[in-house]
Every structure is written in structure tokens, then in C-alpha cells.
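Text of entry_34.csv (CSV, C-alpha atoms) as supplied:
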```
chain,number,residue,atom,x,y,z
M,1,MET,CA,-18.0,-9.4,-16.7
M,2,ASN,CA,-19.1,-11.5,-19.8
M,3,LEU,CA,-16.6,-13.2,-22.1
M,4,ARG,CA,-17.0,-10.7,-24.9
M,5,ARG,CA,-16.2,-7.7,-22.6
M,6,LEU,CA,-13.3,-9.6,-21.1
M,7,LEU,CA,-11.8,-10.3,-24.6
M,8,ALA,CA,-12.3,-6.7,-25.6
M,9,LEU,CA,-10.4,-5.5,-22.5
M,10,ALA,CA,-7.6,-7.9,-23.1
M,11,LEU,CA,-7.2,-6.6,-26.7
M,12,LEU,CA,-7.2,-3.0,-25.4
M,13,VAL,CA,-4.5,-3.7,-22.9
M,14,ALA,CA,-2.4,-5.5,-25.6
M,15,ALA,CA,-2.6,-2.5,-28.0
M,16,PRO,CA,0.7,-0.9,-28.9
M,17,VAL,CA,2.0,1.8,-26.6
M,18,SER,CA,1.6,4.4,-29.4
M,19,GLN,CA,-2.1,3.8,-29.6
M,20,ARG,CA,-2.4,4.2,-25.8
M,21,SER,CA,-0.6,7.5,-26.0
M,22,GLU,CA,-3.0,8.9,-28.7
M,23,ALA,CA,-6.0,7.9,-26.6
M,24,GLN,CA,-4.3,9.5,-23.4
M,25,CYS,CA,-5.2,6.3,-21.5
M,26,LEU,CA,-3.3,3.2,-20.5
M,27,THR,CA,0.2,4.6,-20.0
M,28,PRO,CA,2.9,2.2,-18.8
M,29,ASP,CA,5.2,3.3,-15.9
M,30,ASN,CA,8.2,2.1,-18.0
M,31,LEU,CA,9.9,0.5,-14.9
M,32,ASP,CA,10.2,-2.7,-16.9
M,33,LEU,CA,12.4,-1.2,-19.6
M,34,GLY,CA,15.7,-1.2,-17.7
M,35,PHE,CA,18.4,-3.8,-17.6
M,36,PRO,CA,19.1,-6.3,-14.8
M,37,CYS,CA,20.2,-4.5,-11.6
M,38,GLY,CA,20.0,-1.2,-13.6
M,39,GLY,CA,18.1,2.0,-13.4
M,40,ALA,CA,14.7,3.1,-14.7
M,41,GLN,CA,12.6,6.2,-14.6
M,42,THR,CA,9.0,7.0,-14.0
M,43,ASN,CA,6.7,10.0,-13.3
M,44,VAL,CA,3.3,9.2,-12.0
M,45,PRO,CA,1.9,12.1,-9.8
M,46,GLN,CA,-1.8,12.2,-9.0
M,47,HIS,CA,-4.5,14.8,-8.5
M,48,ALA,CA,-6.1,15.8,-5.2
M,49,PHE,CA,-9.4,14.2,-4.2
M,50,GLY,CA,-12.0,14.3,-1.4
M,51,GLN,CA,-14.0,11.4,-0.3
M,52,GLN,CA,-16.4,10.2,2.4
M,53,ALA,CA,-14.5,7.9,4.8
M,54,LEU,CA,-14.9,5.8,7.9
M,55,GLY,CA,-12.9,6.1,11.1
M,56,ILE,CA,-12.7,2.7,12.8
M,57,CYS,CA,-11.5,1.7,16.3
M,58,TRP,CA,-10.5,-1.9,17.1
M,59,GLN,CA,-10.0,-3.4,20.6
M,60,ASN,CA,-8.9,-7.0,21.4
M,61,CYS,CA,-9.0,-7.7,17.7
M,62,GLY,CA,-12.6,-6.7,17.2
M,63,LEU,CA,-14.6,-3.7,16.0
M,64,VAL,CA,-15.7,-1.4,18.9
M,65,ALA,CA,-16.6,1.9,17.2
M,66,GLN,CA,-16.9,3.5,13.8
M,67,SER,CA,-18.0,7.0,12.5
M,68,ASN,CA,-18.3,8.9,9.3
M,69,TYR,CA,-15.7,11.4,8.2
M,70,ILE,CA,-14.6,13.4,5.1
M,71,ALA,CA,-11.0,12.9,3.9
M,72,LYS,CA,-9.2,15.3,1.7
M,73,TRP,CA,-6.0,14.1,0.0
M,74,GLY,CA,-3.9,16.8,-1.6
M,75,ALA,CA,-2.1,16.3,-4.9
M,76,ALA,CA,0.6,13.6,-4.8
M,77,LEU,CA,3.6,15.6,-5.8
M,78,PRO,CA,7.2,14.4,-6.4
M,79,SER,CA,9.3,14.4,-3.3
M,80,THR,CA,12.0,17.0,-3.7
M,81,THR,CA,14.5,15.9,-1.1
M,82,GLY,CA,17.7,16.0,-3.0
M,83,THR,CA,20.9,17.7,-4.1
M,84,PRO,CA,20.7,20.3,-5.4
M,85,PRO,CA,17.6,21.3,-3.3
M,86,GLY,CA,14.4,20.7,-5.1
M,87,THR,CA,15.5,17.7,-7.1
M,88,ALA,CA,12.8,15.0,-7.3
M,89,SER,CA,13.4,11.5,-6.2
M,90,CYS,CA,12.0,8.9,-8.6
M,91,GLY,CA,8.8,7.2,-7.5
M,92,TRP,CA,8.5,9.1,-4.2
M,93,TYR,CA,5.6,11.5,-3.6
M,94,GLU,CA,4.1,13.5,-0.8
M,95,ALA,CA,0.5,14.5,-0.2
M,96,GLN,CA,-1.3,16.5,2.5
M,97,LEU,CA,-4.1,14.6,4.2
M,98,ARG,CA,-6.8,16.3,6.2
M,99,ILE,CA,-9.7,14.4,7.9
M,100,PHE,CA,-12.8,16.3,8.9
M,101,SER,CA,-16.0,15.5,10.8
M,102,THR,CA,-19.2,15.4,8.7
M,103,SER,CA,-19.9,18.9,10.2
M,104,GLY,CA,-16.7,20.2,8.7
M,105,GLN,CA,-14.5,20.3,11.9
M,106,LEU,CA,-10.8,19.4,11.2
M,107,MET,CA,-9.9,16.2,13.1
M,108,TRP,CA,-6.5,15.2,11.8
M,109,GLY,CA,-3.9,16.6,9.5
M,110,GLY,CA,-0.4,15.8,8.2
M,111,THR,CA,1.9,14.9,5.4
M,112,MET,CA,1.9,11.4,4.0
M,113,HIS,CA,4.9,10.0,2.1
M,114,MET,CA,3.8,7.9,-0.9
M,115,THR,CA,6.0,5.2,-2.3
M,116,TYR,CA,4.9,4.2,-5.8
M,117,SER,CA,4.4,0.5,-6.0
M,118,ARG,CA,2.8,-0.6,-9.4
M,119,THR,CA,0.2,-0.2,-12.1
M,120,TRP,CA,-2.2,-2.6,-13.7
M,121,VAL,CA,-5.5,-2.5,-15.8
M,122,GLU,CA,-9.0,-3.5,-14.6
M,123,GLY,CA,-12.3,-4.1,-16.2
M,124,SER,CA,-15.5,-3.0,-14.5
M,125,THR,CA,-18.9,-4.8,-14.7
M,126,ALA,CA,-19.8,-2.3,-17.5
M,127,GLY,CA,-16.9,-3.5,-19.6
M,128,ALA,CA,-14.8,-0.2,-19.4
M,129,ALA,CA,-11.0,-0.4,-18.9
M,130,SER,CA,-9.4,1.4,-16.0
M,131,GLN,CA,-5.8,1.9,-15.2
M,132,VAL,CA,-4.9,1.6,-11.5
M,133,TRP,CA,-1.8,3.0,-9.8
M,134,ARG,CA,-1.0,1.8,-6.2
M,135,TYR,CA,1.0,3.8,-3.7
M,136,LEU,CA,2.1,2.6,-0.2
M,137,VAL,CA,1.8,5.5,2.2
M,138,ASN,CA,3.0,6.4,5.7
M,139,GLY,CA,3.2,9.6,7.8
M,140,ASP,CA,2.4,11.4,11.0
M,141,LEU,CA,-1.1,12.7,11.5
M,142,ARG,CA,-1.7,15.2,14.3
M,143,PRO,CA,-5.1,15.2,16.0
M,144,ALA,CA,-6.8,18.6,15.9
M,145,ALA,CA,-9.6,17.7,18.4
M,146,PRO,CA,-10.0,15.6,21.5
M,147,THR,CA,-12.7,13.6,19.8
M,148,ALA,CA,-10.6,12.9,16.7
M,149,LEU,CA,-11.7,9.3,16.6
M,150,PRO,CA,-15.0,7.5,17.4
M,151,CYS,CA,-13.3,6.1,20.5
M,152,THR,CA,-10.6,7.6,22.7
M,153,LEU,CA,-7.7,9.6,21.2
M,154,PRO,CA,-4.7,7.2,20.9
M,155,SER,CA,-2.8,7.5,24.2
M,156,CYS,CA,0.5,7.5,22.3
M,157,ALA,CA,-0.2,10.9,20.7
M,158,VAL,CA,0.6,13.4,23.5
M,159,PRO,CA,3.9,11.6,24.7
M,160,ASN,CA,5.1,11.7,21.1
M,161,GLY,CA,4.7,15.3,20.2
M,162,ASN,CA,1.0,15.0,19.3
M,163,ARG,CA,1.9,12.7,16.4
M,164,VAL,CA,0.5,9.4,15.4
M,165,ARG,CA,2.2,7.4,12.6
M,166,PHE,CA,-0.2,5.7,10.1
M,167,THR,CA,0.7,3.3,7.3
M,168,GLY,CA,-1.4,2.0,4.4
M,169,TYR,CA,-2.1,2.6,0.7
M,170,VAL,CA,-4.0,4.6,-1.9
M,171,ASP,CA,-5.2,3.2,-5.3
M,172,TYR,CA,-6.1,5.7,-8.1
M,173,ALA,CA,-8.2,4.2,-10.9
M,174,PHE,CA,-8.6,6.2,-14.1
M,175,ASP,CA,-11.6,5.1,-16.2
M,176,CYS,CA,-10.8,5.3,-19.9
M,177,GLY,CA,-14.5,5.6,-20.8
M,178,THR,CA,-15.6,8.4,-18.4
M,179,ASN,CA,-12.2,10.1,-17.9
M,180,ILE,CA,-13.0,10.0,-14.1
M,181,THR,CA,-10.5,8.9,-11.5
M,182,GLU,CA,-11.8,6.9,-8.6
M,183,HIS,CA,-10.0,6.1,-5.4
M,184,ALA,CA,-9.7,3.4,-2.6
M,185,TRP,CA,-7.4,3.7,0.4
M,186,MET,CA,-6.8,2.7,4.0
M,187,ILE,CA,-4.4,3.8,6.7
M,188,THR,CA,-3.9,2.2,10.1
M,189,HIS,CA,-2.1,2.8,13.4
M,190,ALA,CA,-1.5,-0.6,14.9
M,191,CYS,CA,-1.2,-1.7,18.5
M,192,ASP,CA,1.9,-1.5,20.6
M,193,ALA,CA,3.4,-4.8,19.5
M,194,ILE,CA,3.9,-3.4,16.0
M,195,ASP,CA,3.8,0.4,16.1
M,196,HIS,CA,5.4,1.0,19.5
M,197,ALA,CA,7.9,-1.9,19.3
M,198,PRO,CA,10.8,-1.8,21.8
M,199,GLY,CA,14.2,-0.7,20.7
M,200,PHE,CA,13.1,2.2,18.5
M,201,PRO,CA,11.9,5.8,19.0
M,202,ARG,CA,8.3,6.0,20.2
M,203,ALA,CA,8.5,2.6,21.9
M,204,GLY,CA,6.3,2.1,24.9
M,205,VAL,CA,3.1,0.7,26.4
M,206,TYR,CA,0.2,3.0,25.2
M,207,HIS,CA,-2.6,1.0,23.6
M,208,PRO,CA,-1.6,-2.8,23.6
M,209,GLY,CA,-5.1,-3.9,22.6
M,210,ARG,CA,-6.1,-1.1,20.2
M,211,ASN,CA,-5.7,-0.4,16.5
M,212,TYR,CA,-7.0,2.7,14.7
M,213,THR,CA,-8.1,2.9,11.0
M,214,PHE,CA,-9.3,5.3,8.4
M,215,VAL,CA,-10.7,3.9,5.1
M,216,GLY,CA,-12.4,5.2,2.0
M,217,PRO,CA,-14.7,5.2,0.2
M,218,ALA,CA,-17.2,4.7,3.1
M,219,LEU,CA,-20.1,3.8,0.8
M,220,GLY,CA,-20.7,0.1,0.9
M,221,PHE,CA,-17.8,-0.7,3.2
M,222,VAL,CA,-18.3,-3.4,5.9
M,223,PRO,CA,-15.7,-3.2,8.6
M,224,GLY,CA,-14.1,-6.4,9.9
M,225,PHE,CA,-15.2,-8.6,7.0
M,226,SER,CA,-12.8,-11.4,6.3
M,227,SER,CA,-13.0,-14.3,3.8
M,228,GLY,CA,-9.5,-14.9,2.7
M,229,ASN,CA,-5.8,-14.6,3.5
M,230,GLU,CA,-2.4,-14.4,1.7
M,231,ALA,CA,-1.3,-18.0,1.9
M,232,GLY,CA,-0.1,-19.3,-1.5
M,233,VAL,CA,2.6,-19.6,-4.1
M,234,GLY,CA,2.9,-17.4,-7.2
M,235,ALA,CA,5.4,-16.0,-9.7
M,236,VAL,CA,3.5,-13.0,-10.8
M,237,GLU,CA,4.7,-9.4,-10.6
M,238,ALA,CA,8.1,-8.1,-9.3
M,239,MET,CA,10.4,-6.7,-6.7
M,240,ARG,CA,12.3,-3.4,-7.1
M,241,HIS,CA,14.9,-1.2,-5.3
M,242,TRP,CA,15.9,2.4,-5.3
M,243,ASP,CA,19.5,3.7,-5.4
M,244,ALA,CA,19.6,6.1,-2.5
M,245,PRO,CA,23.1,6.3,-1.1
M,246,VAL,CA,22.7,10.0,-1.8
M,247,LEU,CA,19.5,11.8,-2.6
M,248,PRO,CA,17.6,12.2,-4.9
M,249,ALA,CA,16.8,8.5,-5.0
M,250,ARG,CA,16.9,6.8,-8.4
M,251,CYS,CA,14.5,4.0,-9.4
M,252,GLY,CA,15.8,0.5,-10.1
M,253,SER,CA,14.2,-1.4,-12.9
M,254,GLU,CA,11.6,-4.1,-12.1
M,255,GLU,CA,13.0,-7.5,-11.3
M,256,PRO,CA,10.3,-10.1,-12.3
M,257,LEU,CA,9.6,-12.7,-9.6
M,258,LEU,CA,10.8,-16.3,-10.2
M,259,THR,CA,8.7,-17.3,-7.2
M,260,GLY,CA,6.8,-15.8,-4.3
M,261,THR,CA,5.6,-17.9,-1.4
M,262,ILE,CA,3.6,-17.0,1.7
M,263,THR,CA,3.5,-20.1,4.0
M,264,ALA,CA,0.6,-20.0,6.5
M,265,GLY,CA,1.4,-20.1,10.3
M,266,ALA,CA,-0.9,-20.1,13.3
M,267,ALA,CA,-3.6,-17.4,13.4
M,268,THR,CA,-3.6,-15.2,16.5
M,269,CYS,CA,-5.0,-12.1,18.2
M,270,LEU,CA,-1.9,-10.0,18.2
M,271,CYS,CA,-3.6,-7.0,20.0
M,272,GLY,CA,-5.1,-8.2,23.2
M,273,THR,CA,-7.3,-11.2,23.8
M,274,GLY,CA,-10.0,-11.8,21.3
M,275,PRO,CA,-10.8,-13.4,17.9
M,276,THR,CA,-7.7,-15.0,16.3
M,277,ASN,CA,-8.2,-13.0,13.0
M,278,TRP,CA,-4.6,-12.0,12.5
M,279,PHE,CA,-3.1,-14.1,9.7
M,280,GLN,CA,0.5,-15.1,10.2
M,281,GLY,CA,2.9,-16.6,7.7
M,282,GLN,CA,6.4,-16.5,6.2
M,283,VAL,CA,7.3,-14.6,3.1
M,284,THR,CA,10.0,-15.9,0.7
M,285,LEU,CA,10.7,-14.1,-2.6
M,286,ALA,CA,13.2,-14.8,-5.4
M,287,GLY,CA,13.7,-12.4,-8.3
M,288,SER,CA,15.0,-13.2,-11.7
M,289,PHE,CA,18.1,-11.0,-11.2
M,290,GLY,CA,19.2,-12.7,-8.0
M,291,SER,CA,17.4,-10.6,-5.3
M,292,VAL,CA,15.7,-12.4,-2.4
M,293,LEU,CA,13.5,-11.5,0.5
M,294,MET,CA,13.4,-14.1,3.3
M,295,PRO,CA,12.9,-14.4,7.1
M,296,PHE,CA,15.9,-14.4,9.4
M,297,PRO,CA,16.3,-16.0,12.8
M,298,GLY,CA,14.0,-14.3,15.3
M,299,SER,CA,12.3,-12.1,12.7
M,300,ASP,CA,8.6,-11.3,13.0
M,301,PRO,CA,6.4,-13.2,10.6
M,302,PHE,CA,4.2,-11.7,7.9
M,303,ARG,CA,1.0,-10.5,9.5
M,304,SER,CA,-2.2,-9.2,8.2
M,305,PHE,CA,-5.4,-7.9,9.8
M,306,PRO,CA,-8.8,-7.8,8.1
M,307,ILE,CA,-10.0,-4.2,7.8
M,308,GLY,CA,-13.2,-5.0,5.9
M,309,GLN,CA,-14.7,-5.2,2.4
M,310,TRP,CA,-16.3,-3.0,-0.2
M,311,THR,CA,-19.6,-4.5,-1.4
M,312,ASN,CA,-20.7,-2.5,-4.4
M,313,PRO,CA,-20.0,-4.4,-7.6
M,314,ALA,CA,-20.6,-1.4,-9.8
M,315,VAL,CA,-18.2,1.1,-8.3
M,316,PHE,CA,-14.4,0.9,-7.9
M,317,PRO,CA,-12.8,-1.0,-6.3
M,318,GLY,CA,-15.7,-3.5,-6.7
M,319,VAL,CA,-16.4,-6.3,-4.2
M,320,GLU,CA,-12.9,-6.2,-2.6
M,321,GLU,CA,-11.5,-7.1,0.8
M,322,VAL,CA,-8.7,-5.0,2.3
M,323,ARG,CA,-6.2,-6.2,4.9
M,324,TRP,CA,-3.4,-4.1,6.6
M,325,ASN,CA,-0.1,-6.0,6.6
M,326,CYS,CA,3.4,-6.0,7.9
M,327,ASN,CA,6.5,-8.2,7.8
M,328,GLU,CA,10.1,-8.4,8.9
M,329,GLY,CA,12.7,-9.9,6.6
M,330,GLN,CA,16.2,-9.8,5.1
M,331,TRP,CA,16.4,-8.2,1.6
M,332,VAL,CA,19.5,-9.1,-0.4
M,333,ARG,CA,19.8,-7.1,-3.6
M,334,CYS,CA,21.0,-8.5,-7.0
M,335,THR,CA,24.2,-6.6,-6.2
M,336,GLY,CA,24.7,-8.8,-3.0
M,337,ALA,CA,24.0,-6.0,-0.5
M,338,GLY,CA,21.7,-7.1,2.3
M,339,ARG,CA,19.7,-5.6,5.1
M,340,GLN,CA,17.3,-6.8,7.9
M,341,GLU,CA,14.3,-4.5,8.0
M,342,TYR,CA,10.6,-4.1,8.7
M,343,TYR,CA,7.9,-3.8,5.9
M,344,TYR,CA,4.4,-2.3,5.9
M,345,GLY,CA,1.7,-2.5,3.2
M,346,VAL,CA,-1.6,-3.8,2.1
M,347,THR,CA,-3.4,-6.8,0.8
M,348,THR,CA,-6.5,-6.5,-1.4
M,349,ILE,CA,-8.5,-9.6,-2.4
M,350,GLY,CA,-11.1,-9.6,-5.2
M,351,GLY,CA,-12.3,-6.6,-7.1
M,352,PHE,CA,-12.7,-6.4,-10.9
M,353,PRO,CA,-10.8,-8.6,-13.4
M,354,ALA,CA,-7.2,-7.4,-13.5
M,355,PHE,CA,-4.4,-7.6,-16.1
M,356,SER,CA,-0.7,-7.0,-16.0
M,357,PHE,CA,0.5,-3.9,-17.8
M,358,ASN,CA,4.1,-3.4,-19.0
M,359,ALA,CA,5.8,-1.6,-21.9
M,360,SER,CA,7.9,-4.6,-22.8
M,361,SER,CA,5.7,-7.7,-22.5
M,362,PRO,CA,2.1,-8.7,-23.4
M,363,SER,CA,-0.6,-8.3,-20.9
M,364,ALA,CA,-1.9,-11.3,-18.9
M,365,PRO,CA,-4.6,-11.9,-16.3
M,366,LEU,CA,-3.6,-11.3,-12.7
M,367,PRO,CA,-4.7,-13.4,-9.8
M,368,LEU,CA,-6.9,-11.2,-7.6
M,369,THR,CA,-5.0,-11.4,-4.3
M,370,PHE,CA,-2.6,-8.3,-4.4
M,371,VAL,CA,0.1,-8.1,-1.8
M,372,ASP,CA,2.2,-5.0,-1.7
M,373,GLN,CA,4.9,-4.0,0.9
M,374,SER,CA,7.8,-1.5,1.2
M,375,ASN,CA,10.5,-1.3,3.8
M,376,SER,CA,10.8,1.2,6.6
M,377,ALA,CA,14.1,2.9,6.4
M,378,LEU,CA,16.0,6.1,7.2
M,379,LEU,CA,17.6,7.2,4.0
M,380,PRO,CA,20.2,7.8,2.7
M,381,ALA,CA,21.8,6.3,5.9
M,382,ASN,CA,20.2,2.9,5.0
M,383,ALA,CA,19.2,2.4,8.6
M,384,ALA,CA,16.1,0.2,9.4
M,385,THR,CA,13.5,1.9,11.6
M,386,ARG,CA,10.1,1.4,13.1
M,387,ASN,CA,7.4,3.4,14.8
M,388,ARG,CA,7.9,6.6,12.9
M,389,PRO,CA,7.7,8.0,9.4
M,390,TYR,CA,10.0,6.5,6.8
M,391,LYS,CA,11.0,6.4,3.2
M,392,SER,CA,11.5,3.1,1.2
M,393,ASP,CA,14.2,1.8,-1.1
M,394,HIS,CA,12.7,-1.7,-1.4
M,395,VAL,CA,9.3,-2.7,-2.6
M,396,TYR,CA,7.7,-5.9,-3.8
M,397,TYR,CA,4.3,-6.7,-5.3
M,398,LEU,CA,3.0,-10.2,-5.5
M,399,ASN,CA,-0.2,-11.8,-6.8
M,400,LEU,CA,-1.5,-15.1,-5.5
```
Structure translated into C-alpha cells:
Amino acid sequence: MNLRRLLALALLVAAPVSQRSEAQCLTPDNLDLGFPCGGAQTNVPQHAFGQQALGICWQNCGLVAQSNYIAKWGAALPSTTGTPPGTASCGWYEAQLRIFSTSGQLMWGGTMHMTYSRTWVEGSTAGAASQVWRYLVNGDLRPAAPTALPCTLPSCAVPNGNRVRFTGYVDYAFDCGTNITEHAWMITHACDAIDHAPGFPRAGVYHPGRNYTFVGPALGFVPGFSSGNEAGVGAVEAMRHWDAPVLPARCGSEEPLLTGTITAGAATCLCGTGPTNWFQGQVTLAGSFGSVLMPFPGSDPFRSFPIGQWTNPAVFPGVEEVRWNCNEGQWVRCTGAGRQEYYYGVTTIGGFPAFSFNASSPSAPLPLTFVDQSNSALLPANAATRNRPYKSDHVYYLNL
């Protein structure tokens, strides 16, 4: 993007909210309008979409098979678990996901829970502005055919009720020039060390050396590509909680980060014996209202695995690497309440020039390493969980 287009995009992002509303583009989520440790409200559902996708099998930390699929995501509709029945929880959504073979045979289906993470603005190589919304997703998919993946069906499926829990993310990007929404997403079921960890339901020895991934769009995607990691120090973006002692859950306002650090550790092959392409590190976050996220004695480190890279500079998400990630840490809220828990999410590196987008503060350029994670919890009981579908009441988003 040349300097003139970059300046034009910055001016558009900095325009008053009233101008954005008239143009029906660039709408803030308003989660920055609350008060410290207080509540906020947002409503950001998304339309259904279909897309060509890749199914990828990994073994011993390397690519062993891939095949083409067609993924159909249903509309992301507000989650209505609440009292009275049918009351929506703030920032929680659900969508049906069906994955078909290229000949039209149903391969997988299930409901994905979607935790809203954040929004920002990007500029494409053509100079148009797009608003991006990111959701962290998880849920059980059920295989509908014995050849549901390009390799063997995960051996954990049948012993666990024909269910396989996937985690990942979906980005929706609305182009203000064309009024077209584009999409990028990834979901992964990781090896036993993570997704069948002992001490939780679905624990066991099923596929210690295998991971399973679906990713879209398929066009221009190179599986396994890796050029970066998450090591670094930043103070960009925020952490946030939900009030969910009873449902429906209520959004907390964004807590700007004072600092966010991911300190690199030793790389490893977590799933078998092979390339040491799993990044490991330690996450420490401090928010401006007093919240923190930090390791605790014996906790698993931050880990990420390179899924691959999109390579088309003219189509969303641009030239961008995607990594599946997880972490274990202790979150202490600004209220002083704390919990030790597991986190799942995504890292994207690269893509189009990006800018922060808030209702209460000027836009600013964002570093292009985006790290997003949310906790795995059984709510409203506030119990940490692993290996099965979950809802989240803690989320952080960090740029490095």
C-alpha cells in the first residue's frame, strides 16, 4: 500500500462515529465505552457463508495429508442460554458448521460456540478500508463418513460418542468499497498431550502423534509454512471479562493493556518425534485496571503450531501466516478474583496494514502479529475444563 492510500485509510478510520453510521461502514463494538471493572454491551452477529477449505492431517509435527473440502458456516447468532429462556448473552454466538467433500457428501457437522474477541480496520492493496471482526470458536464436530479426513478418522471419535472437539477462530472482513464480506478461519483438534489431557473428561491415549485441521479459504494456502512466532513485548490492545455467575453473561468493558510479554522458551515437537516447530513461551499480561494473566507453578507454557500461510496479496487476509495456540495461566480480575485455567486461540502474522478501532480513542497503526485467546470454562459454575466444548468469560488480544 502506498503512502497516499495509507493516509487516506487513517483519515477514514479517524472519522467521527456519526459519519461511519451514515456510511453503514466502520461501526465500533463500543466495548471501550464502559468504566473500569464495569460493564459494556455489544451486538455483532454475522451472516452465513460457504467457502472452499482444506482438510489437513499432521503426524509427528509434520504434514502427512491434505484434501479439498467445502465448508458451510451458518449465521453467527447470539447465544440464548439465559434466564428467562431465550435471553442472549453478550458477545457469545453460535453457528452450525458443515463440511462437505467436493462431490457434495457431508463429512462433518456440529455446532460451534463463538466468543467475540475484537474488531479492527485493515487496508487492502487496492486502498479500500475493511472492518474485521474476530471470533474464537470451539465445539464438537461429528464425522458423517469413515473417510471424513484425508487420513484416518481420529481414533478418539468413537470412544467419545462420535464427537471430536475442535478449537480455532473465524475472521469476518467487510469491505467498505464493495460491500462484500470475506472470511478467513481455522479449526484444529490437537494431539493427546493437549486435547486428551489427563484429569479431564475425554482423557486418554488416542492419537499422541496426530493433529487434525480445517482451514479456509483454500485458495493460495500453503500448509506448514512458518516464518515467525509470538515472542515479543507490547502494550497494544486489551483484556476483557464477562460477568457470568448467572446466565445470561454480561460483557465487561475493555481493559487496555499496560504491558503484554511472551518470553520465548525451547521449541519442541509436542506431538511425536519430528521437527521442533512448536513454539513455546511464557505469557504475562497486565491491564490498566489491575487485571493480570500469568503462569503458575507447574502450568503448561504458551504453545503454538504453524498451520500455514495464505499467499495471495490481493485477497483477504492477504499474505498472512496462521498458528493454532494454547496456554495455561492464572487470570486475576480487577476485582481480585482469580482462577487457574486453560486457554485456546489463534495467532496471525502479516496481512494488510491494520489500525485500532475504538469509539473513545483515535485510531493507531497495529503491529501485525495478532495473538487472541479465551479461557476454557464451564459456566456459570466457573470451573476450568479441557478436552470438551466450553464457554469463555476471559479473553485477551495482544499485538506484537
Test item: which residues lie within 8 Å of (13.7, -18.0, 5.2) counting all atoms listed in the file, as a list in words:
Gln282, Val283, Thr284, Met294, Pro295 and Phe296 of chain M
Give me the residues near segment 197-212 of chain M as a ChimeraX atom specification, where near means some atom within 8 Å (using only C-alpha atoms) and where sequence neighbours in that chain fewer than 4 positions away do not count.
/M:55-61,154-156,160,188-193,271-273,385-388
For C-alpha atoms, I'd like the residues from the last selection saved as an mmCIF file, in the frame of the given file.
```cif
data_model
loop_
_atom_site.group_PDB
_atom_site.id
_atom_site.type_symbol
_atom_site.label_atom_id
_atom_site.label_comp_id
_atom_site.auth_asym_id
_atom_site.auth_seq_id
_atom_site.Cartn_x
_atom_site.Cartn_y
_atom_site.Cartn_z
ATOM 1 C CA GLY M 55 -12.900 6.100 11.100
ATOM 2 C CA ILE M 56 -12.700 2.700 12.800
ATOM 3 C CA CYS M 57 -11.500 1.700 16.300
ATOM 4 C CA TRP M 58 -10.500 -1.900 17.100
ATOM 5 C CA GLN M 59 -10.000 -3.400 20.600
ATOM 6 C CA ASN M 60 -8.900 -7.000 21.400
ATOM 7 C CA CYS M 61 -9.000 -7.700 17.700
ATOM 8 C CA PRO M 154 -4.700 7.200 20.900
ATOM 9 C CA SER M 155 -2.800 7.500 24.200
ATOM 10 C CA CYS M 156 0.500 7.500 22.300
ATOM 11 C CA ASN M 160 5.100 11.700 21.100
ATOM 12 C CA THR M 188 -3.900 2.200 10.100
ATOM 13 C CA HIS M 189 -2.100 2.800 13.400
ATOM 14 C CA ALA M 190 -1.500 -0.600 14.900
ATOM 15 C CA CYS M 191 -1.200 -1.700 18.500
ATOM 16 C CA ASP M 192 1.900 -1.500 20.600
ATOM 17 C CA ALA M 193 3.400 -4.800 19.500
ATOM 18 C CA CYS M 271 -3.600 -7.000 20.000
ATOM 19 C CA GLY M 272 -5.100 -8.200 23.200
ATOM 20 C CA THR M 273 -7.300 -11.200 23.800
ATOM 21 C CA THR M 385 13.500 1.900 11.600
ATOM 22 C CA ARG M 386 10.100 1.400 13.100
ATOM 23 C CA ASN M 387 7.400 3.400 14.800
ATOM 24 C CA ARG M 388 7.900 6.600 12.900
#
```
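A straight line drawn from atom CA of Ser360 of chain M to atom CA of Ala238 of chain M is 13.9 Å long.
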What's around Ile187 of chain M at 9 Å? Count all atoms listed in the file, leave out sequence neighbours fewer than 3 positions away in its own chain, and write the answer as a list of chain:residue names.
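Residues meeting the cut-off are M:Val137, M:Asn138, M:Phe166, M:Thr167, M:Gly168, M:Tyr169, M:Val170, M:Tyr212, M:Thr213, M:Phe214, M:Val215, M:Trp324.
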Restricting the calculation to all atoms listed in the file, which member of M:Ile349, M:Ile262, M:Ala173, M:Met239 is positioned closest to Trp331 of chain M?
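The closest residue to Trp331 of chain M is M:Met239.
Look at Pro85 of chain M: the protein and nucleic acid residues within 12 Å of it, using only C-alpha atoms and passing over chain neighbours fewer than 6 places away, are Ser79, Leu247 and Pro248 of chain M.
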Quick one: everything within 12 Å of Cys326 of chain M, counting all atoms listed in the file, minus sequence neighbours fewer than 4 positions away in the same chain. Send it as a PyMOL selection string.
chain M and resi 136+167-168+188-190+193-195+230+278-283+299-305+341-347+371-376+386
Pairwise distance for atom CA of Val44 of chain M and atom CA of Leu257 of chain M, rounded to one decimal in Å:
22.9 Å
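Distances here use only C-alpha atoms; by that measure, the residue among M:Gln96, M:Thr348, M:Asn325, M:Gln330 closest to Ala76 of chain M is M:Gln96.
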Nearest to Gly287 of chain M: which of M:Tyr390, M:Phe49, M:Tyr396, M:Trp310 is it, counting all atoms listed in the file?
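Between M:Tyr390, M:Phe49, M:Tyr396, M:Trp310, the residue approaching Gly287 of chain M most closely is M:Tyr396.
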Name all residues at most 10 Å from Gly290 of chain M (count all atoms listed in the file; drop same-chain ones fewer than 3 positions away) and give them as a PDB file with C-alpha atoms, in the frame of the given file.
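File selection.pdb, as written:
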```pdb
ATOM      1  CA  PRO M  36      19.100  -6.300 -14.800  1.00  0.00           C
ATOM      2  CA  CYS M  37      20.200  -4.500 -11.600  1.00  0.00           C
ATOM      3  CA  GLU M 255      13.000  -7.500 -11.300  1.00  0.00           C
ATOM      4  CA  LEU M 257       9.600 -12.700  -9.600  1.00  0.00           C
ATOM      5  CA  LEU M 258      10.800 -16.300 -10.200  1.00  0.00           C
ATOM      6  CA  ALA M 286      13.200 -14.800  -5.400  1.00  0.00           C
ATOM      7  CA  GLY M 287      13.700 -12.400  -8.300  1.00  0.00           C
ATOM      8  CA  VAL M 332      19.500  -9.100  -0.400  1.00  0.00           C
ATOM      9  CA  ARG M 333      19.800  -7.100  -3.600  1.00  0.00           C
ATOM     10  CA  CYS M 334      21.000  -8.500  -7.000  1.00  0.00           C
ATOM     11  CA  THR M 335      24.200  -6.600  -6.200  1.00  0.00           C
ATOM     12  CA  GLY M 336      24.700  -8.800  -3.000  1.00  0.00           C
TER      13      GLY M 336
END
```
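Residue nearest Asn30 of chain M within the list M:Val322, M:Cys251, M:Ala337, M:Ala381: M:Cys251 [criterion: smallest interatomic distance, all atoms listed in the file].
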Among the residues M:Val222, M:Pro256, M:Ala148, M:Ala235, the one that comes closest to Leu33 of chain M [using only C-alpha atoms]:
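Comparing M:Val222, M:Pro256, M:Ala148, M:Ala235 against Leu33 of chain M, the winner is M:Pro256.
If you measure from each of M:Val395, M:Met107, M:Ala384, M:Ala249 to Gly39 of chain M using all atoms listed in the file, the closest one turns out to be M:Ala249.
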What separation in Å, quoted to one decimal, exists between atom CA of Thr102 of chain M and atom CA of Asn68 of chain M?
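Spanning atom CA of Thr102 of chain M to atom CA of Asn68 of chain M is a straight-line distance of 6.6 Å.
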Using all atoms listed in the file, collect all residues at a distance of at most 10 Å from (-5.3, 13.3, -6.2) as written in the file, then present them as a list in words.
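Collected hits near the coordinates: Pro45, Gln46, His47, Ala48, Phe49, Gly50, Lys72, Trp73, Gly74, Ala75, Ala76, Leu77, Ala95, Val170, Tyr172, Thr181, Glu182 and His183 of chain M.
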